[in-house]
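Report on one structure; see the data block that follows.
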Amino acid sequence: MQYNTQQKRMSLPEYGRSIQNMVDYALTIKERSERQRCANTIINIMGNMFPHLRDVPDFKHKLWDHLAIMSDFQLDIDYPYEIIRKDNFVTKPDPIAYPHTPMIYRHYGHTLEVLIRKACEFPEGNEKNNLVAMICNHMKKDYMTWNKDTVDDRKIAEDLYELSDGKLQMTDEILRLMSERINLYCRPKPNLNSKNSNQRKKY
């Protein structure tokens, strides 16, 4: 018995050992026309393995690319498409530049600073107060993510004042709205199933 770990390494294991054996056999065929016919048969079998991709653009092209890869680019046939080149197959993608957005407090993140700037543009009123309350609660959550101790509202008030260049302040109204939002989204919901079960017990 021969284990898979003892066999030839497969370039594309998603096609399985049987397809790889077919490709290896095609490499041994000396007559070009017979080798071409064998390659066409292999492509048809590969396509039948993924019928849901038949309508995907360039699906056939990808199959021929995969056939070339599995043959280590040694299969001498007439490809119906311009296949991928071996030197391009191993090239690494260009590195993605990491964004270096300046932030005063990195634990709050850039998005929260954008929200604070938007809140400064709002006219005074309930809408602005609710937005500031939401921002403050979010600041507390972010602060707690990186600082496991409890956070004082005065610390959040100071940071809000600094990040908004003194345009936003944590007033008593903001504190009330913060508390209401916490109670609305964090209070435990009643267990209706338990209530119905108790009612059934009465009867």
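In the structure tokens, the first chain shown is A, the next is B, and so on; residue numbers restart at 1 for each chain, and ligands run from 1 in the order shown.
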Stretch 173-178 of chain A environment, 12 Å, only C-alpha atoms, sequence neighbours closer than 4 positions dropped, as a PDB file with N, CA and C atoms, in the first residue's frame:
```pdb
ATOM      1  N   GLY A 125     -29.349  70.524  19.160  1.00  0.00           N
ATOM      2  CA  GLY A 125     -30.669  69.908  19.236  1.00  0.00           C
ATOM      3  C   GLY A 125     -30.575  68.459  19.651  1.00  0.00           C
ATOM      4  N   ASN A 126     -31.729  67.774  19.635  1.00  0.00           N
ATOM      5  CA  ASN A 126     -31.794  66.390  20.097  1.00  0.00           C
ATOM      6  C   ASN A 126     -30.946  65.459  19.239  1.00  0.00           C
ATOM      7  N   GLU A 127     -30.951  65.716  17.926  1.00  0.00           N
ATOM      8  CA  GLU A 127     -30.202  64.836  17.029  1.00  0.00           C
ATOM      9  C   GLU A 127     -28.708  64.875  17.349  1.00  0.00           C
ATOM     10  N   LYS A 128     -28.189  66.074  17.584  1.00  0.00           N
ATOM     11  CA  LYS A 128     -26.775  66.212  17.916  1.00  0.00           C
ATOM     12  C   LYS A 128     -26.481  65.586  19.271  1.00  0.00           C
ATOM     13  N   ASN A 129     -27.355  65.808  20.244  1.00  0.00           N
ATOM     14  CA  ASN A 129     -27.146  65.249  21.580  1.00  0.00           C
ATOM     15  C   ASN A 129     -27.133  63.722  21.548  1.00  0.00           C
ATOM     16  N   ASN A 130     -28.037  63.131  20.778  1.00  0.00           N
ATOM     17  CA  ASN A 130     -28.071  61.670  20.686  1.00  0.00           C
ATOM     18  C   ASN A 130     -26.814  61.130  20.007  1.00  0.00           C
ATOM     19  N   LEU A 131     -26.339  61.852  19.005  1.00  0.00           N
ATOM     20  CA  LEU A 131     -25.124  61.427  18.322  1.00  0.00           C
ATOM     21  C   LEU A 131     -23.922  61.504  19.259  1.00  0.00           C
ATOM     22  N   VAL A 132     -23.825  62.588  20.017  1.00  0.00           N
ATOM     23  CA  VAL A 132     -22.707  62.735  20.960  1.00  0.00           C
ATOM     24  C   VAL A 132     -22.776  61.659  22.037  1.00  0.00           C
ATOM     25  N   ALA A 133     -23.995  61.343  22.507  1.00  0.00           N
ATOM     26  CA  ALA A 133     -24.150  60.286  23.510  1.00  0.00           C
ATOM     27  C   ALA A 133     -23.691  58.938  22.955  1.00  0.00           C
ATOM     28  N   MET A 134     -24.043  58.675  21.706  1.00  0.00           N
ATOM     29  CA  MET A 134     -23.611  57.433  21.069  1.00  0.00           C
ATOM     30  C   MET A 134     -22.089  57.391  20.957  1.00  0.00           C
ATOM     31  N   ILE A 135     -21.487  58.532  20.592  1.00  0.00           N
ATOM     32  CA  ILE A 135     -20.029  58.611  20.470  1.00  0.00           C
ATOM     33  C   ILE A 135     -19.366  58.365  21.816  1.00  0.00           C
ATOM     34  N   CYS A 136     -19.892  58.956  22.859  1.00  0.00           N
ATOM     35  CA  CYS A 136     -19.306  58.794  24.194  1.00  0.00           C
ATOM     36  C   CYS A 136     -19.373  57.336  24.656  1.00  0.00           C
ATOM     37  N   ASN A 137     -20.516  56.693  24.430  1.00  0.00           N
ATOM     38  CA  ASN A 137     -20.633  55.284  24.806  1.00  0.00           C
ATOM     39  C   ASN A 137     -19.654  54.426  24.009  1.00  0.00           C
ATOM     40  N   HIS A 138     -19.486  54.786  22.754  1.00  0.00           N
ATOM     41  CA  HIS A 138     -18.540  54.035  21.918  1.00  0.00           C
ATOM     42  C   HIS A 138     -17.100  54.263  22.399  1.00  0.00           C
ATOM     43  N   MET A 139     -16.800  55.475  22.822  1.00  0.00           N
ATOM     44  CA  MET A 139     -15.483  55.773  23.369  1.00  0.00           C
ATOM     45  C   MET A 139     -15.226  54.950  24.630  1.00  0.00           C
ATOM     46  N   LYS A 140     -16.239  54.806  25.464  1.00  0.00           N
ATOM     47  CA  LYS A 140     -16.083  54.012  26.679  1.00  0.00           C
ATOM     48  C   LYS A 140     -15.809  52.552  26.328  1.00  0.00           C
ATOM     49  N   ASP A 153     -16.245  58.629  33.591  1.00  0.00           N
ATOM     50  CA  ASP A 153     -16.867  59.507  32.595  1.00  0.00           C
ATOM     51  C   ASP A 153     -16.065  60.790  32.411  1.00  0.00           C
ATOM     52  N   ARG A 154     -15.346  61.221  33.461  1.00  0.00           N
ATOM     53  CA  ARG A 154     -14.553  62.439  33.336  1.00  0.00           C
ATOM     54  C   ARG A 154     -13.437  62.260  32.311  1.00  0.00           C
ATOM     55  N   ILE A 156     -13.561  60.287  29.637  1.00  0.00           N
ATOM     56  CA  ILE A 156     -14.207  60.339  28.324  1.00  0.00           C
ATOM     57  C   ILE A 156     -14.551  61.785  27.971  1.00  0.00           C
ATOM     58  N   ALA A 157     -15.015  62.551  28.973  1.00  0.00           N
ATOM     59  CA  ALA A 157     -15.363  63.957  28.741  1.00  0.00           C
ATOM     60  C   ALA A 157     -14.129  64.753  28.318  1.00  0.00           C
ATOM     61  N   LEU A 160     -13.175  63.700  24.736  1.00  0.00           N
ATOM     62  CA  LEU A 160     -14.144  64.247  23.784  1.00  0.00           C
ATOM     63  C   LEU A 160     -13.876  65.731  23.545  1.00  0.00           C
ATOM     64  N   LEU A 168     -17.303  70.034  21.585  1.00  0.00           N
ATOM     65  CA  LEU A 168     -18.268  69.103  22.171  1.00  0.00           C
ATOM     66  C   LEU A 168     -17.941  68.896  23.639  1.00  0.00           C
ATOM     67  N   GLN A 169     -18.989  68.884  24.463  1.00  0.00           N
ATOM     68  CA  GLN A 169     -18.813  68.688  25.895  1.00  0.00           C
ATOM     69  C   GLN A 169     -19.832  67.672  26.393  1.00  0.00           C
ATOM     70  N   ILE A 182     -27.702  52.827  27.102  1.00  0.00           N
ATOM     71  CA  ILE A 182     -27.179  51.614  27.725  1.00  0.00           C
ATOM     72  C   ILE A 182     -28.312  50.740  28.221  1.00  0.00           C
ATOM     73  N   ASN A 183     -29.310  51.370  28.863  1.00  0.00           N
ATOM     74  CA  ASN A 183     -30.447  50.602  29.372  1.00  0.00           C
ATOM     75  C   ASN A 183     -31.264  49.984  28.242  1.00  0.00           C
ATOM     76  N   LEU A 184     -31.326  50.711  27.119  1.00  0.00           N
ATOM     77  CA  LEU A 184     -32.134  50.235  25.992  1.00  0.00           C
ATOM     78  C   LEU A 184     -31.508  49.021  25.323  1.00  0.00           C
ATOM     79  N   TYR A 185     -30.179  49.033  25.176  1.00  0.00           N
ATOM     80  CA  TYR A 185     -29.523  47.980  24.412  1.00  0.00           C
ATOM     81  C   TYR A 185     -28.854  46.917  25.276  1.00  0.00           C
ATOM     82  N   CYS A 186     -28.665  47.209  26.552  1.00  0.00           N
ATOM     83  CA  CYS A 186     -27.920  46.272  27.391  1.00  0.00           C
ATOM     84  C   CYS A 186     -28.745  45.610  28.490  1.00  0.00           C
TER      85      CYS A 186
END
```
* **Counting only C-alpha atoms, the option among A:Pro102, A:Asp149, A:Met70, A:Lys155 closest to A:Pro13** => A:Met70
Excluding stretch 86-98 of chain A and residues on its chain fewer than 6 positions from it, collect all residues at most 10 Å away from it, counting only C-alpha atoms, and give them as an mmCIF file with N, CA and C atoms, in the first residue's frame.
```
data_model
loop_
_atom_site.group_PDB
_atom_site.id
_atom_site.type_symbol
_atom_site.label_atom_id
_atom_site.label_comp_id
_atom_site.auth_asym_id
_atom_site.auth_seq_id
_atom_site.Cartn_x
_atom_site.Cartn_y
_atom_site.Cartn_z
ATOM 1 N N ALA A 68 -1.863 23.183 -17.497
ATOM 2 C CA ALA A 68 -0.442 23.505 -17.693
ATOM 3 C C ALA A 68 0.312 23.464 -16.374
ATOM 4 N N ILE A 69 -0.316 23.974 -15.315
ATOM 5 C CA ILE A 69 0.341 23.983 -14.000
ATOM 6 C C ILE A 69 0.558 22.560 -13.499
ATOM 7 N N ASP A 72 3.420 20.846 -14.874
ATOM 8 C CA ASP A 72 4.656 21.602 -14.654
ATOM 9 C C ASP A 72 5.101 22.282 -15.943
ATOM 10 N N PHE A 73 4.113 22.681 -16.746
ATOM 11 C CA PHE A 73 4.334 23.406 -17.997
ATOM 12 C C PHE A 73 5.147 22.573 -19.013
#
```
* Using the chain letters and numbers from this document, which residues of stretch 9-91 of chain A does DSSP assign to alpha helix (DSSP H), as number ranges by chain? -> A: 16-28, 32-49, 59-70, 86-89
* To do: Using atom CA of A:Pro51 and atom CA of A:Trp64 as the two end points, give the distance in Å to one decimal.
  =>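 Between atom CA of A:Pro51 and atom CA of A:Trp64 the gap works out to 15.9 Å.
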* To do: For A:Asp76, list every protein, DNA or RNA residue within 9 Å, evaluated using only C-alpha atoms, and leave out those in the same chain fewer than 3 positions away; present the list as a PyMOL selection string.
  => chain A and resi 27+32+35-36+73+79
* To do: Please provide as a list in words all residues within 8 Å of A:Ser71, with the sequence filter that same-chain residues fewer than 4 positions apart are discarded (counting only C-alpha atoms).
  => Val23, Asp24, Leu27, Leu67 and Leu75 of chain A
Write to file, as a PDB file, in the first residue's frame, the residues of the selection just made, with N, CA, C and O atoms.
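The resulting file, again-v7.pdb, is shown below:
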```pdb
ATOM      1  N   VAL A  23      -2.953  13.554 -16.082  1.00  0.00           N
ATOM      2  CA  VAL A  23      -2.010  14.532 -16.633  1.00  0.00           C
ATOM      3  C   VAL A  23      -0.636  13.904 -16.797  1.00  0.00           C
ATOM      4  O   VAL A  23       0.045  14.095 -17.822  1.00  0.00           O
ATOM      5  N   ASP A  24      -0.215  13.134 -15.787  1.00  0.00           N
ATOM      6  CA  ASP A  24       1.088  12.464 -15.872  1.00  0.00           C
ATOM      7  C   ASP A  24       1.112  11.481 -17.037  1.00  0.00           C
ATOM      8  O   ASP A  24       2.147  11.341 -17.722  1.00  0.00           O
ATOM      9  N   LEU A  27       1.602  13.177 -20.410  1.00  0.00           N
ATOM     10  CA  LEU A  27       3.004  13.555 -20.667  1.00  0.00           C
ATOM     11  C   LEU A  27       3.801  12.427 -21.305  1.00  0.00           C
ATOM     12  O   LEU A  27       4.828  12.668 -21.950  1.00  0.00           O
ATOM     13  N   LEU A  67      -4.331  22.940 -16.190  1.00  0.00           N
ATOM     14  CA  LEU A  67      -3.722  21.774 -16.827  1.00  0.00           C
ATOM     15  C   LEU A  67      -2.223  22.002 -17.045  1.00  0.00           C
ATOM     16  O   LEU A  67      -1.403  21.101 -16.800  1.00  0.00           O
ATOM     17  N   LEU A  75       3.596  19.922 -20.806  1.00  0.00           N
ATOM     18  CA  LEU A  75       2.692  19.279 -21.753  1.00  0.00           C
ATOM     19  C   LEU A  75       2.716  20.039 -23.080  1.00  0.00           C
ATOM     20  O   LEU A  75       2.245  21.177 -23.171  1.00  0.00           O
TER      21      LEU A  75
END
```
* Name all residues at most 12 Å from A:His100 (count only C-alpha atoms; drop same-chain ones fewer than 3 positions away) and give them as a ChimeraX atom specification. => /A:97,103,106,109-110
For the residues selected in the previous step, produce a file with N, CA and C atoms as a tab-separated table (two decimals), in the first residue's frame.
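Writing done, so here's again_38.tsv:
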```
chain	number	residue	atom	x	y	z
A	97	ALA	N	0.37	49.24	0.49
A	97	ALA	CA	0.82	50.28	1.42
A	97	ALA	C	-0.10	50.34	2.64
A	103	MET	N	-3.50	59.77	14.30
A	103	MET	CA	-4.58	59.72	15.30
A	103	MET	C	-4.03	60.19	16.64
A	106	ARG	N	-4.95	56.27	19.54
A	106	ARG	CA	-5.13	55.15	18.62
A	106	ARG	C	-6.17	54.13	19.11
A	109	GLY	N	-9.48	54.90	17.48
A	109	GLY	CA	-9.55	54.63	16.05
A	109	GLY	C	-9.87	55.88	15.23
A	110	HIS	N	-9.60	55.77	13.95
A	110	HIS	CA	-9.80	56.90	13.03
A	110	HIS	C	-11.27	57.18	12.79
```
Which polymer residues have any atom within 10 Å of an atom of A:Cys120, counting only C-alpha atoms, with same-chain residues fewer than 3 positions away left out, as a JSON list (two decimals) with all heavy atoms, in the first residue's frame?
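Contents of the output file selection-v8.json:
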```json
[["chain", "number", "residue", "atom", "x", "y", "z"],
["A", 115, "LEU", "N", -16.38, 60.67, 13.18],
["A", 115, "LEU", "CA", -17.72, 60.89, 13.76],
["A", 115, "LEU", "C", -17.76, 62.15, 14.60],
["A", 115, "LEU", "O", -18.74, 62.91, 14.57],
["A", 115, "LEU", "CB", -18.11, 59.68, 14.62],
["A", 115, "LEU", "CG", -18.61, 58.43, 13.89],
["A", 115, "LEU", "CD1", -18.82, 57.29, 14.88],
["A", 115, "LEU", "CD2", -19.92, 58.74, 13.15],
["A", 116, "ILE", "N", -16.71, 62.38, 15.36],
["A", 116, "ILE", "CA", -16.66, 63.58, 16.21],
["A", 116, "ILE", "C", -16.66, 64.84, 15.34],
["A", 116, "ILE", "O", -17.36, 65.82, 15.64],
["A", 116, "ILE", "CB", -15.42, 63.53, 17.13],
["A", 116, "ILE", "CG1", -15.62, 62.47, 18.21],
["A", 116, "ILE", "CG2", -15.16, 64.89, 17.76],
["A", 116, "ILE", "CD1", -14.43, 62.27, 19.12],
["A", 117, "ARG", "N", -15.90, 64.82, 14.24],
["A", 117, "ARG", "CA", -15.89, 65.99, 13.35],
["A", 117, "ARG", "C", -17.27, 66.22, 12.73],
["A", 117, "ARG", "O", -17.69, 67.37, 12.58],
["A", 117, "ARG", "CB", -14.83, 65.79, 12.26],
["A", 117, "ARG", "CG", -13.40, 65.91, 12.76],
["A", 117, "ARG", "CD", -12.42, 66.13, 11.62],
["A", 117, "ARG", "NE", -12.37, 64.96, 10.74],
["A", 117, "ARG", "CZ", -11.51, 63.95, 10.88],
["A", 117, "ARG", "NH1", -10.65, 63.96, 11.90],
["A", 117, "ARG", "NH2", -11.50, 62.96, 10.02],
["A", 123, "PRO", "N", -26.31, 70.99, 13.89],
["A", 123, "PRO", "CA", -26.91, 72.09, 14.66],
["A", 123, "PRO", "C", -27.31, 71.60, 16.05],
["A", 123, "PRO", "O", -27.57, 70.42, 16.25],
["A", 123, "PRO", "CB", -28.12, 72.48, 13.82],
["A", 123, "PRO", "CG", -28.48, 71.26, 13.05],
["A", 123, "PRO", "CD", -27.17, 70.56, 12.77],
["A", 124, "GLU", "N", -27.36, 72.51, 16.98],
["A", 124, "GLU", "CA", -27.73, 72.14, 18.34],
["A", 124, "GLU", "C", -29.15, 71.57, 18.34],
["A", 124, "GLU", "O", -30.05, 72.04, 17.65],
["A", 124, "GLU", "CB", -27.67, 73.37, 19.26],
["A", 124, "GLU", "CG", -26.27, 73.96, 19.40],
["A", 124, "GLU", "CD", -25.29, 72.99, 20.03],
["A", 124, "GLU", "OE1", -25.73, 72.14, 20.85],
["A", 124, "GLU", "OE2", -24.09, 73.06, 19.71],
["A", 128, "LYS", "N", -28.19, 66.07, 17.58],
["A", 128, "LYS", "CA", -26.77, 66.21, 17.92],
["A", 128, "LYS", "C", -26.48, 65.59, 19.27],
["A", 128, "LYS", "O", -25.47, 64.88, 19.44],
["A", 128, "LYS", "CB", -26.38, 67.68, 17.91],
["A", 128, "LYS", "CG", -24.90, 67.93, 18.25],
["A", 128, "LYS", "CD", -24.53, 69.39, 18.12],
["A", 128, "LYS", "CE", -23.06, 69.60, 18.38],
["A", 128, "LYS", "NZ", -22.65, 71.01, 18.17],
["A", 132, "VAL", "N", -23.83, 62.59, 20.02],
["A", 132, "VAL", "CA", -22.71, 62.73, 20.96],
["A", 132, "VAL", "C", -22.78, 61.66, 22.04],
["A", 132, "VAL", "O", -21.75, 61.09, 22.44],
["A", 132, "VAL", "CB", -22.71, 64.15, 21.58],
["A", 132, "VAL", "CG1", -21.63, 64.25, 22.66],
["A", 132, "VAL", "CG2", -22.48, 65.21, 20.52],
["A", 164, "SER", "N", -12.52, 67.11, 19.87],
["A", 164, "SER", "CA", -13.42, 68.01, 19.13],
["A", 164, "SER", "C", -12.93, 69.46, 19.15],
["A", 164, "SER", "O", -13.67, 70.38, 18.76],
["A", 164, "SER", "CB", -14.83, 67.94, 19.73],
["A", 164, "SER", "OG", -14.84, 68.45, 21.06],
["A", 165, "ASP", "N", -11.70, 69.67, 19.64],
["A", 165, "ASP", "CA", -11.15, 71.03, 19.75],
["A", 165, "ASP", "C", -12.05, 71.94, 20.58],
["A", 165, "ASP", "O", -12.22, 73.12, 20.28],
["A", 165, "ASP", "CB", -10.94, 71.64, 18.36],
["A", 165, "ASP", "CG", -9.87, 70.91, 17.56],
["A", 165, "ASP", "OD1", -8.93, 70.40, 18.18],
["A", 165, "ASP", "OD2", -10.00, 70.83, 16.33],
["A", 166, "GLY", "N", -12.62, 71.36, 21.63],
["A", 166, "GLY", "CA", -13.44, 72.13, 22.55],
["A", 166, "GLY", "C", -14.86, 72.40, 22.08],
["A", 166, "GLY", "O", -15.60, 73.14, 22.74],
["A", 167, "LYS", "N", -15.28, 71.80, 20.96],
["A", 167, "LYS", "CA", -16.61, 72.07, 20.42],
["A", 167, "LYS", "C", -17.69, 71.17, 21.02],
["A", 167, "LYS", "O", -18.88, 71.50, 20.96],
["A", 167, "LYS", "CB", -16.60, 71.91, 18.90],
["A", 167, "LYS", "CG", -15.69, 72.91, 18.19],
["A", 167, "LYS", "CD", -15.67, 72.66, 16.70],
["A", 167, "LYS", "CE", -14.73, 73.64, 15.99],
["A", 167, "LYS", "NZ", -14.65, 73.38, 14.53],
["A", 168, "LEU", "N", -17.30, 70.03, 21.58],
["A", 168, "LEU", "CA", -18.27, 69.10, 22.17],
["A", 168, "LEU", "C", -17.94, 68.90, 23.64],
["A", 168, "LEU", "O", -16.78, 68.74, 24.01],
["A", 168, "LEU", "CB", -18.23, 67.75, 21.45],
["A", 168, "LEU", "CG", -18.57, 67.74, 19.95],
["A", 168, "LEU", "CD1", -18.45, 66.34, 19.40],
["A", 168, "LEU", "CD2", -19.98, 68.28, 19.71]]
```
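Atom CA of A:Glu34 lies 24.2 Å from atom CA of A:Phe59.
Closest approach to A:Glu31 among A:Ala119, A:Ile84, A:Ile77, A:Val151 is made by A:Ile77 (distances from only C-alpha atoms).
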